[in-house]
$ cat start.txt   # compact mmCIF, C-alpha atoms
# COMPACT_ATOMS: atom_id res chain seq x y z
CA MET A 1 105.38 60.33 132.87
CA ARG A 2 103.24 63.20 131.69
CA ARG A 3 105.37 66.32 131.65
CA ARG A 4 102.44 68.65 132.11
CA GLY A 5 100.34 69.04 135.24
CA GLY A 6 97.11 67.07 135.28
CA GLY A 7 94.02 68.82 134.02
CA PRO A 8 90.78 69.11 135.97
CA GLY A 9 89.75 65.61 134.97
CA ARG A 10 92.93 64.02 136.28
CA GLY A 11 92.63 64.92 139.94
CA GLY A 12 91.52 61.50 141.11
CA GLY A 13 95.02 60.07 141.20
CA PRO A 14 95.87 56.40 141.00
CA GLY A 15 93.87 53.76 142.77
CA GLN A 16 90.55 55.41 141.97
CA GLY A 17 89.27 52.08 140.75
CA GLY A 18 90.09 50.38 144.03
CA PRO A 19 92.82 47.97 145.07
CA ASP A 20 91.71 45.33 142.56
CA ASP A 21 92.71 47.46 139.59
CA PRO A 22 94.52 45.26 137.10
CA ASP A 23 97.81 46.80 136.09
CA ASP A 24 98.53 46.52 132.41
CA GLY A 25 102.15 47.45 133.08
CA PRO A 26 103.99 50.24 131.37
CA LEU A 27 102.75 51.00 127.89
CA PRO A 28 105.09 50.51 124.99
CA ASP A 29 105.16 54.25 124.38
CA PRO A 30 105.20 57.12 126.87
CA PHE A 31 102.86 60.07 126.92
CA GLY A 32 103.71 62.59 124.27
CA SER A 33 106.03 65.53 124.80
CA ASP A 34 104.92 69.04 125.61
CA GLU A 35 105.43 69.80 121.93
CA ASP A 36 103.08 66.97 120.93
CA HIS A 37 100.51 68.14 123.43
CA ASP A 38 100.64 71.73 122.17
CA ALA A 39 100.54 70.63 118.53
CA VAL A 40 97.43 68.52 119.13
CA GLU A 41 95.76 71.36 121.01
CA GLN A 42 96.46 73.71 118.11
CA VAL A 43 95.12 71.32 115.46
CA HIS A 44 92.08 70.63 117.63
CA GLN A 45 91.34 74.35 117.83
CA ALA A 46 92.02 74.75 114.09
CA PHE A 47 89.43 72.06 113.40
CA TYR A 48 86.73 73.97 115.29
CA ASP A 49 87.86 77.26 113.74
CA ALA A 50 87.48 75.74 110.28
CA VAL A 51 83.92 74.64 111.02
CA GLU A 52 83.08 77.96 112.67
CA THR A 53 84.34 80.01 109.73
CA GLY A 54 82.99 77.60 107.13
CA ASP A 55 86.47 77.03 105.71
CA LEU A 56 86.05 73.70 103.92
CA ASP A 57 89.56 73.86 102.45
CA ALA A 58 91.09 74.10 105.90
CA LEU A 59 88.80 71.32 107.09
CA GLU A 60 89.89 69.12 104.21
CA ARG A 61 93.54 69.68 105.11
CA LEU A 62 92.89 68.74 108.74
CA LEU A 63 91.21 65.41 107.96
CA LEU A 64 93.46 62.36 107.92
CA GLY A 65 94.38 61.48 104.34
CA GLY A 66 96.44 58.87 102.58
CA ALA A 67 95.67 55.23 103.22
CA LEU A 68 93.46 55.96 106.21
CA GLY A 69 91.41 58.67 104.48
CA GLU A 70 88.50 56.36 103.75
CA THR A 71 88.33 55.31 107.42
CA VAL A 72 87.86 58.85 108.78
CA ALA A 73 84.70 58.64 110.90
CA VAL A 74 82.47 61.48 112.02
CA VAL A 75 79.26 61.47 114.05
CA HIS A 76 77.38 64.75 114.26
CA PRO A 77 74.91 65.04 117.16
CA GLY A 78 71.96 62.77 116.45
CA TRP A 79 73.40 61.54 113.14
CA PRO A 80 74.54 58.07 112.12
CA VAL A 81 78.24 57.41 111.45
CA LEU A 82 79.71 59.08 108.36
CA ARG A 83 82.78 57.30 107.03
CA GLY A 84 85.40 58.49 104.56
CA ARG A 85 86.70 61.97 103.74
CA GLY A 86 84.13 62.52 100.97
CA HIS A 87 81.07 61.79 103.11
CA VAL A 88 82.48 63.80 106.00
CA LEU A 89 83.27 66.87 103.91
CA ARG A 90 79.85 66.80 102.24
CA SER A 91 78.19 66.71 105.67
CA TYR A 92 80.13 69.77 106.78
CA ALA A 93 79.29 71.56 103.52
CA LEU A 94 75.61 70.85 104.26
CA ILE A 95 75.88 72.09 107.85
CA ILE A 96 77.73 75.23 106.80
CA ALA A 97 75.25 75.95 104.00
CA ASN A 98 72.37 75.75 106.48
CA THR A 99 73.96 77.82 109.22
CA ASP A 100 74.40 81.56 108.99
CA TYR A 101 76.02 81.90 112.38
CA LEU A 102 78.06 79.35 114.27
CA GLN A 103 80.26 79.78 117.30
CA PHE A 104 81.94 77.20 119.50
CA PHE A 105 83.01 77.91 123.05
CA LEU A 106 85.11 74.91 124.00
CA THR A 107 85.38 73.94 127.65
CA ASP A 108 86.71 70.88 129.53
CA VAL A 109 89.31 70.31 126.79
CA GLU A 110 91.37 67.27 127.83
CA VAL A 111 94.27 66.23 125.59
CA THR A 112 96.06 62.89 125.95
CA VAL A 113 98.87 61.94 123.59
CA SER A 114 100.07 58.35 123.47
CA GLY A 115 102.54 57.47 120.74
CA ASP A 116 101.14 58.46 117.36
CA THR A 117 97.57 58.88 118.60
CA ALA A 118 95.89 61.67 120.52
CA LEU A 119 92.52 61.55 122.25
CA VAL A 120 90.81 64.85 122.98
CA THR A 121 87.51 65.19 124.79
CA CYS A 122 85.73 68.51 125.21
CA THR A 123 82.40 70.22 125.70
CA GLU A 124 81.20 72.28 122.75
CA ASN A 125 79.05 75.16 123.93
CA ILE A 126 77.45 75.99 120.59
CA LEU A 127 75.62 79.09 119.50
CA SER A 128 74.17 78.76 116.03
CA GLY A 129 71.70 80.52 113.81
CA GLY A 130 69.75 79.37 110.79
CA PRO A 131 69.56 81.15 107.44
CA ALA A 132 67.95 84.57 107.33
CA GLN A 133 64.17 84.67 107.03
CA PRO A 134 62.45 85.68 103.75
CA ASP A 135 61.70 89.12 105.27
CA GLY A 136 65.43 89.66 105.76
CA SER A 137 65.50 89.20 109.50
CA ALA A 138 68.14 87.00 111.08
CA GLY A 139 67.53 83.27 111.56
CA GLU A 140 66.70 81.86 114.96
CA LEU A 141 69.64 81.51 117.34
CA ILE A 142 69.98 78.14 119.03
CA GLY A 143 72.24 77.33 121.95
CA GLY A 144 73.29 73.78 122.61
CA LEU A 145 75.56 71.64 124.70
CA VAL A 146 77.47 68.92 122.89
CA VAL A 147 80.26 66.65 124.16
CA ALA A 148 82.87 65.44 121.72
CA SER A 149 85.53 62.74 121.55
CA ASN A 150 88.14 63.52 118.91
CA VAL A 151 90.97 61.24 117.81
CA PHE A 152 94.03 62.51 115.92
CA ARG A 153 96.87 60.60 114.25
CA ARG A 154 100.41 61.81 113.81
CA THR A 155 101.39 62.17 110.13
CA PRO A 156 104.47 63.58 108.40
CA ASP A 157 102.43 66.79 107.92
CA GLY A 158 101.28 67.08 111.51
CA TRP A 159 98.36 65.75 113.52
CA ARG A 160 95.25 64.96 111.50
CA LEU A 161 91.67 64.16 112.56
CA TRP A 162 90.76 60.47 112.36
CA SER A 163 87.51 60.43 114.32
CA HIS A 164 85.09 63.05 115.62
CA HIS A 165 82.03 62.05 117.61
CA GLY A 166 79.72 64.71 118.99
CA SER A 167 76.54 64.08 120.95
CA PRO A 168 73.98 66.20 122.73
CA VAL A 169 74.01 66.35 126.51
CA LEU A 170 70.37 65.64 127.30
CA SER A 171 70.33 67.02 130.84
CA GLY A 172 72.57 67.47 133.87
CA GLU A 173 75.72 69.55 133.98
CA ALA A 174 78.50 68.64 131.55
CA GLY A 175 81.60 67.50 133.37
CA ASP A 176 79.94 66.72 136.68
CA GLY A 177 80.51 63.01 136.17
CA GLU A 178 76.87 62.07 136.54
CA GLY A 179 74.66 61.27 133.61
CA PRO A 180 71.04 62.18 133.19
CA GLY A 181 69.75 58.65 133.44
CA ALA A 182 70.89 55.30 134.65
CA GLY A 183 69.81 53.25 131.65
CA PRO A 184 71.88 52.27 128.64
CA LEU A 185 69.90 54.60 126.39
CA GLY A 186 70.28 57.63 128.63
CA GLY A 187 67.56 60.10 129.36
CA PRO A 188 65.19 60.32 132.28
CA ASP A 189 62.94 57.53 130.98
CA SER A 190 65.51 54.89 131.74
CA ALA A 191 66.44 56.08 135.22
CA MET B 1 97.69 47.78 102.33
CA ARG B 2 94.74 46.40 104.19
CA ARG B 3 94.83 42.64 103.96
CA ARG B 4 91.13 42.23 104.39
CA GLY B 5 88.42 43.21 101.94
CA GLY B 6 86.83 46.56 102.52
CA GLY B 7 83.65 46.64 104.58
CA PRO B 8 80.40 48.19 103.43
CA GLY B 9 81.57 51.64 104.42
CA ARG B 10 84.69 51.47 102.26
CA GLY B 11 83.10 51.21 98.83
CA GLY B 12 83.80 54.79 97.82
CA GLY B 13 87.34 54.12 96.72
CA PRO B 14 90.04 56.74 96.43
CA GLY B 15 89.42 60.17 95.05
CA GLN B 16 86.03 60.48 96.72
CA GLY B 17 87.07 63.87 98.01
CA GLY B 18 87.88 65.13 94.54
CA PRO B 19 91.14 65.81 92.75
CA ASP B 20 92.16 68.42 95.31
CA ASP B 21 92.55 65.86 98.08
CA PRO B 22 95.75 66.56 99.93
CA ASP B 23 97.87 63.45 100.21
CA ASP B 24 99.43 63.02 103.60
CA GLY B 25 101.80 60.47 102.13
CA PRO B 26 102.35 57.02 103.52
CA LEU B 27 101.70 56.78 107.22
CA PRO B 28 104.56 55.79 109.47
CA ASP B 29 102.85 52.51 110.29
CA PRO B 30 100.86 50.17 108.06
CA PHE B 31 97.38 48.86 108.73
CA GLY B 32 97.36 46.08 111.27
CA SER B 33 97.62 42.42 110.40
CA ASP B 34 94.68 40.06 110.12
CA GLU B 35 95.57 38.89 113.61
CA ASP B 36 95.36 42.45 114.94
CA HIS B 37 92.05 42.96 113.19
CA ASP B 38 90.59 39.74 114.63
CA ALA B 39 91.94 40.49 118.11
CA VAL B 40 90.33 43.94 118.11
CA GLU B 41 87.04 42.50 116.88
CA GLN B 42 87.08 39.95 119.70
CA VAL B 43 87.86 42.49 122.41
CA HIS B 44 85.21 44.81 120.97
CA GLN B 45 82.62 42.03 121.21
CA ALA B 46 83.85 41.08 124.69
CA PHE B 47 83.28 44.67 125.80
CA TYR B 48 79.62 44.55 124.74
CA ASP B 49 79.22 41.05 126.19
CA ALA B 50 80.52 42.32 129.53
CA VAL B 51 77.99 45.16 129.59
CA GLU B 52 75.19 42.87 128.42
CA THR B 53 75.85 40.27 131.11
CA GLY B 54 76.63 42.85 133.79
CA ASP B 55 80.12 41.44 134.29
CA LEU B 56 81.91 44.39 135.89
CA ASP B 57 85.07 42.33 136.51
CA ALA B 58 85.38 41.58 132.81
CA LEU B 59 84.65 45.21 132.01
CA GLU B 60 87.37 46.34 134.39
CA ARG B 61 89.88 44.04 132.69
CA LEU B 62 88.95 45.40 129.26
CA LEU B 63 89.48 49.06 130.19
CA LEU B 64 92.89 50.50 129.49
CA GLY B 65 94.96 50.53 132.70
CA GLY B 66 98.43 51.58 133.73
CA ALA B 67 99.53 55.13 133.06
CA LEU B 68 96.61 55.85 130.73
CA GLY B 69 93.93 54.48 133.07
CA GLU B 70 92.91 57.91 134.31
CA THR B 71 92.44 59.12 130.73
CA VAL B 72 89.90 56.45 129.74
CA ALA B 73 86.91 58.40 128.42
CA VAL B 74 83.34 57.19 128.06
CA VAL B 75 80.23 59.01 126.85
CA HIS B 76 76.94 57.18 127.31
CA PRO B 77 74.07 58.41 125.10
CA GLY B 78 72.99 61.82 126.35
CA TRP B 79 75.59 61.91 129.13
CA PRO B 80 78.55 64.22 129.62
CA VAL B 81 82.10 62.83 129.33
CA LEU B 82 83.17 60.43 132.10
CA ARG B 83 86.93 60.28 132.54
CA GLY B 84 89.06 57.74 134.40
CA ARG B 85 88.53 54.03 135.13
CA GLY B 86 86.79 54.71 138.43
CA HIS B 87 84.14 57.06 137.05
CA VAL B 88 83.58 54.81 134.05
CA LEU B 89 83.15 51.65 136.09
CA ARG B 90 80.78 53.36 138.51
CA SER B 91 78.63 54.52 135.59
CA TYR B 92 78.39 50.98 134.25
CA ALA B 93 77.53 49.68 137.73
CA LEU B 94 74.71 52.24 137.84
CA ILE B 95 73.43 51.27 134.39
CA ILE B 96 73.58 47.57 135.18
CA ALA B 97 71.82 48.04 138.54
CA ASN B 98 68.97 49.87 136.80
CA THR B 99 68.57 47.46 133.91
CA ASP B 100 67.04 44.03 134.28
CA TYR B 101 67.40 43.14 130.62
CA LEU B 102 69.94 44.38 128.15
CA GLN B 103 70.82 43.09 124.72
CA PHE B 104 73.03 44.56 122.01
CA PHE B 105 72.70 43.62 118.35
CA LEU B 106 75.75 45.16 116.73
CA THR B 107 75.61 46.09 113.06
CA ASP B 108 77.83 48.15 110.71
CA VAL B 109 80.90 47.13 112.71
CA GLU B 110 83.94 48.73 111.03
CA VAL B 111 87.38 47.97 112.45
CA THR B 112 90.50 49.91 111.44
CA VAL B 113 93.85 49.11 113.00
CA SER B 114 96.73 51.54 112.59
CA GLY B 115 99.86 50.84 114.58
CA ASP B 116 98.99 50.48 118.26
CA THR B 117 95.55 52.04 117.93
CA ALA B 118 92.27 50.66 116.65
CA LEU B 119 89.15 52.64 115.77
CA VAL B 120 85.86 50.75 115.69
CA THR B 121 82.54 52.28 114.73
CA CYS B 122 79.27 50.41 114.97
CA THR B 123 75.54 50.70 115.39
CA GLU B 124 74.18 49.36 118.69
CA ASN B 125 70.64 48.08 118.25
CA ILE B 126 69.70 47.98 121.92
CA LEU B 127 66.83 46.22 123.62
CA SER B 128 66.64 47.00 127.31
CA GLY B 129 64.23 46.62 130.16
CA GLY B 130 63.92 48.44 133.47
CA PRO B 131 63.65 46.79 136.88
CA ALA B 132 60.55 44.69 137.63
CA GLN B 133 57.50 46.58 138.80
CA PRO B 134 56.33 46.41 142.46
CA ASP B 135 53.58 43.97 141.39
CA GLY B 136 56.22 41.57 140.09
CA SER B 137 55.63 42.19 136.41
CA ALA B 138 58.57 42.78 134.09
CA GLY B 139 59.87 46.30 133.52
CA GLU B 140 59.14 48.17 130.35
CA LEU B 141 61.15 47.10 127.30
CA ILE B 142 62.80 49.92 125.37
CA GLY B 143 64.38 49.63 121.94
CA GLY B 144 66.94 52.14 120.82
CA LEU B 145 69.41 52.95 118.10
CA VAL B 146 72.82 54.15 119.21
CA VAL B 147 75.97 54.74 117.17
CA ALA B 148 79.34 54.26 118.82
CA SER B 149 82.96 55.20 118.18
CA ASN B 150 85.32 53.01 120.17
CA VAL B 151 89.10 53.40 120.42
CA PHE B 152 91.40 50.63 121.61
CA ARG B 153 95.12 50.67 122.44
CA ARG B 154 97.52 47.77 122.12
CA THR B 155 99.00 46.71 125.48
CA PRO B 156 101.22 43.80 126.55
CA ASP B 157 97.99 42.08 127.70
CA GLY B 158 96.05 42.66 124.50
CA TRP B 159 93.86 45.44 123.13
CA ARG B 160 92.18 47.60 125.77
CA LEU B 161 89.39 50.21 125.53
CA TRP B 162 90.60 53.81 125.70
CA SER B 163 87.50 55.64 124.56
CA HIS B 164 83.83 54.76 124.04
CA HIS B 165 81.36 57.32 122.76
CA GLY B 166 77.75 56.32 122.18
CA SER B 167 75.01 58.64 120.98
CA PRO B 168 71.38 58.28 120.00
CA VAL B 169 70.42 58.39 116.34
CA LEU B 170 67.61 60.92 116.38
CA SER B 171 66.04 60.04 113.05
CA GLY B 172 66.93 58.67 109.62
CA GLU B 173 68.41 55.27 108.91
CA ALA B 174 71.75 54.44 110.55
CA GLY B 175 74.51 53.96 108.01
CA ASP B 176 72.74 55.72 105.16
CA GLY B 177 75.23 58.53 105.28
CA GLU B 178 72.61 61.22 105.69
CA GLY B 179 71.90 62.86 109.01
CA PRO B 180 68.55 63.95 110.35
CA GLY B 181 69.29 67.63 110.17
CA ALA B 182 71.67 69.98 108.48
CA GLY B 183 72.55 72.08 111.52
CA PRO B 184 75.47 71.63 113.88
CA LEU B 185 73.15 70.54 116.68
CA GLY B 186 71.35 67.89 114.61
CA GLY B 187 67.66 67.25 114.68
CA PRO B 188 64.99 68.51 112.34
CA ASP B 189 64.81 71.93 113.98
CA SER B 190 68.10 72.94 112.52
CA ALA B 191 67.46 71.69 108.98
$ encode --input "start.txt" --output "structure tokens"
Amino acid sequence: MRRRGGGPGRGGGPGQGGPDDPDDGPLPDPFGSDEDHDAVEQVHQAFYDAVETGDLDALERLLLGGALGETVAVVHPGWPVLRGRGHVLRSYALIIANTDYLQFFLTDVEVTVSGDTALVTCTENILSGGPAQPDGSAGELIGGLVVASNVFRRTPDGWRLWSHHGSPVLSGEAGDGEGPGAGPLGGPDSA
Amino acid sequence: MRRRGGGPGRGGGPGQGGPDDPDDGPLPDPFGSDEDHDAVEQVHQAFYDAVETGDLDALERLLLGGALGETVAVVHPGWPVLRGRGHVLRSYALIIANTDYLQFFLTDVEVTVSGDTALVTCTENILSGGPAQPDGSAGELIGGLVVASNVFRRTPDGWRLWSHHGSPVLSGEAGDGEGPGAGPLGGPDSA
């Protein structure tokens, strides 16, 4: 049904869950077209570009508006849930104001379109730097590994971000399918 | 448009983003009915009940199947992205096998239904315990605060989980709208 070859995360094929897999039957809507897939990928990249360049106007345009605007939900790594366009934009303004250098290298980008919704997961390889020091020297550079789940909705103006949830990868290799701990709270303490 | 009174996260009202808010116009589909809202809430609770009671069969039934089954995405706190029903179920089997006691107190549950998709955010107040010690005493109890973004899709058999992303709240009070740090990686170091 998907017109595009499976990505690296789709190699398992059917039946991975064993012969007892319940079959929910065909979904009421097929996977999106190649055009949908490309459009989502572009908006997804535009979202990260807007954060990287500190372009709050672009960011505002990319957030879902209209009736659903107050339900836009964003979780920055380690933060609680922020809900509504206003809260979300203020949080990005705060992050941008406190970051002199910010670069995302996105890997493991997996786009799935189903009807009017798109789910994108990716790994954000982040390089960021704080504000310059009082003596004029550059702020400290910090590298970090964050995984994100991003949900977009189709609107008359294109795909718009409904939900962004980023979280730090505490240990282990992103994308290897094995977490750092076996407990519900993650981390080596719960293994 | 929403038939149900706004939750605690919806008090901001329109215009929170300022007069320059772009208006995406009316969405192609309205908010879901009360029945949709209740059905999502029930499936959302059933998902946490299944994890809490270690009922992998129930969990398997609640995961999205069919054509989208291999795109089901789950992020446990601190873990990388797990993709596909098989990987996801194995991760829950691992968590359940390593946890003798697990209880979720869900707060700040916010359900939004739009067409065939539902977005639910919540705070998971988790109390968990590791396996019993060799001397027979109970394992250590760990409390934790996790925020989750959960996405469900409507299927002929009811709402099914497409994406679950949980992440630890590193500091600050969940739901207060202010994160622990102002940097893109969160945490006090980046403030």
$ closest_residue --input "start.txt" --among "B:Thr112, B:Ser91, B:Gln45, B:Thr121" --to "Phe31 in chain B" --atoms "all atoms listed in the file"
B:Thr112
$ atom_distance --input "start.txt" --atom1 "CA of Phe47 in chain A" --atom2 "CA of Leu102 in chain A"
13.5 Å
$ atom_distance --input "start.txt" --atom1 "CA of Asp100 in chain A" --atom2 "CA of Gly78 in chain B"
26.3 Å
$ atom_distance --input "start.txt" --atom1 "CA of Gly158 in chain A" --atom2 "CA of Ile96 in chain A"
25.4 Å
$ closest_residue --input "start.txt" --among "B:Val88, B:Leu59, B:Ala73, B:Leu170" --to "Glu110 in chain A" --atoms "all atoms listed in the file"
B:Ala73
$ closest_residue --input "start.txt" --among "B:Leu161, B:Val146, B:Ala67, B:Leu185" --to "Val113 in chain A" --atoms "all atoms listed in the file"
B:Ala67
$ closest_residue --input "start.txt" --among "B:Val72, B:Ala39, B:Leu145, B:Leu56" --to "Phe104 in chain B" --atoms "all atoms listed in the file"
B:Leu145
$ closest_residue --input "start.txt" --among "A:Ala58, A:Leu82, A:Ala118, A:Leu63" --to "chain B" --atoms "all atoms listed in the file"
A:Leu82
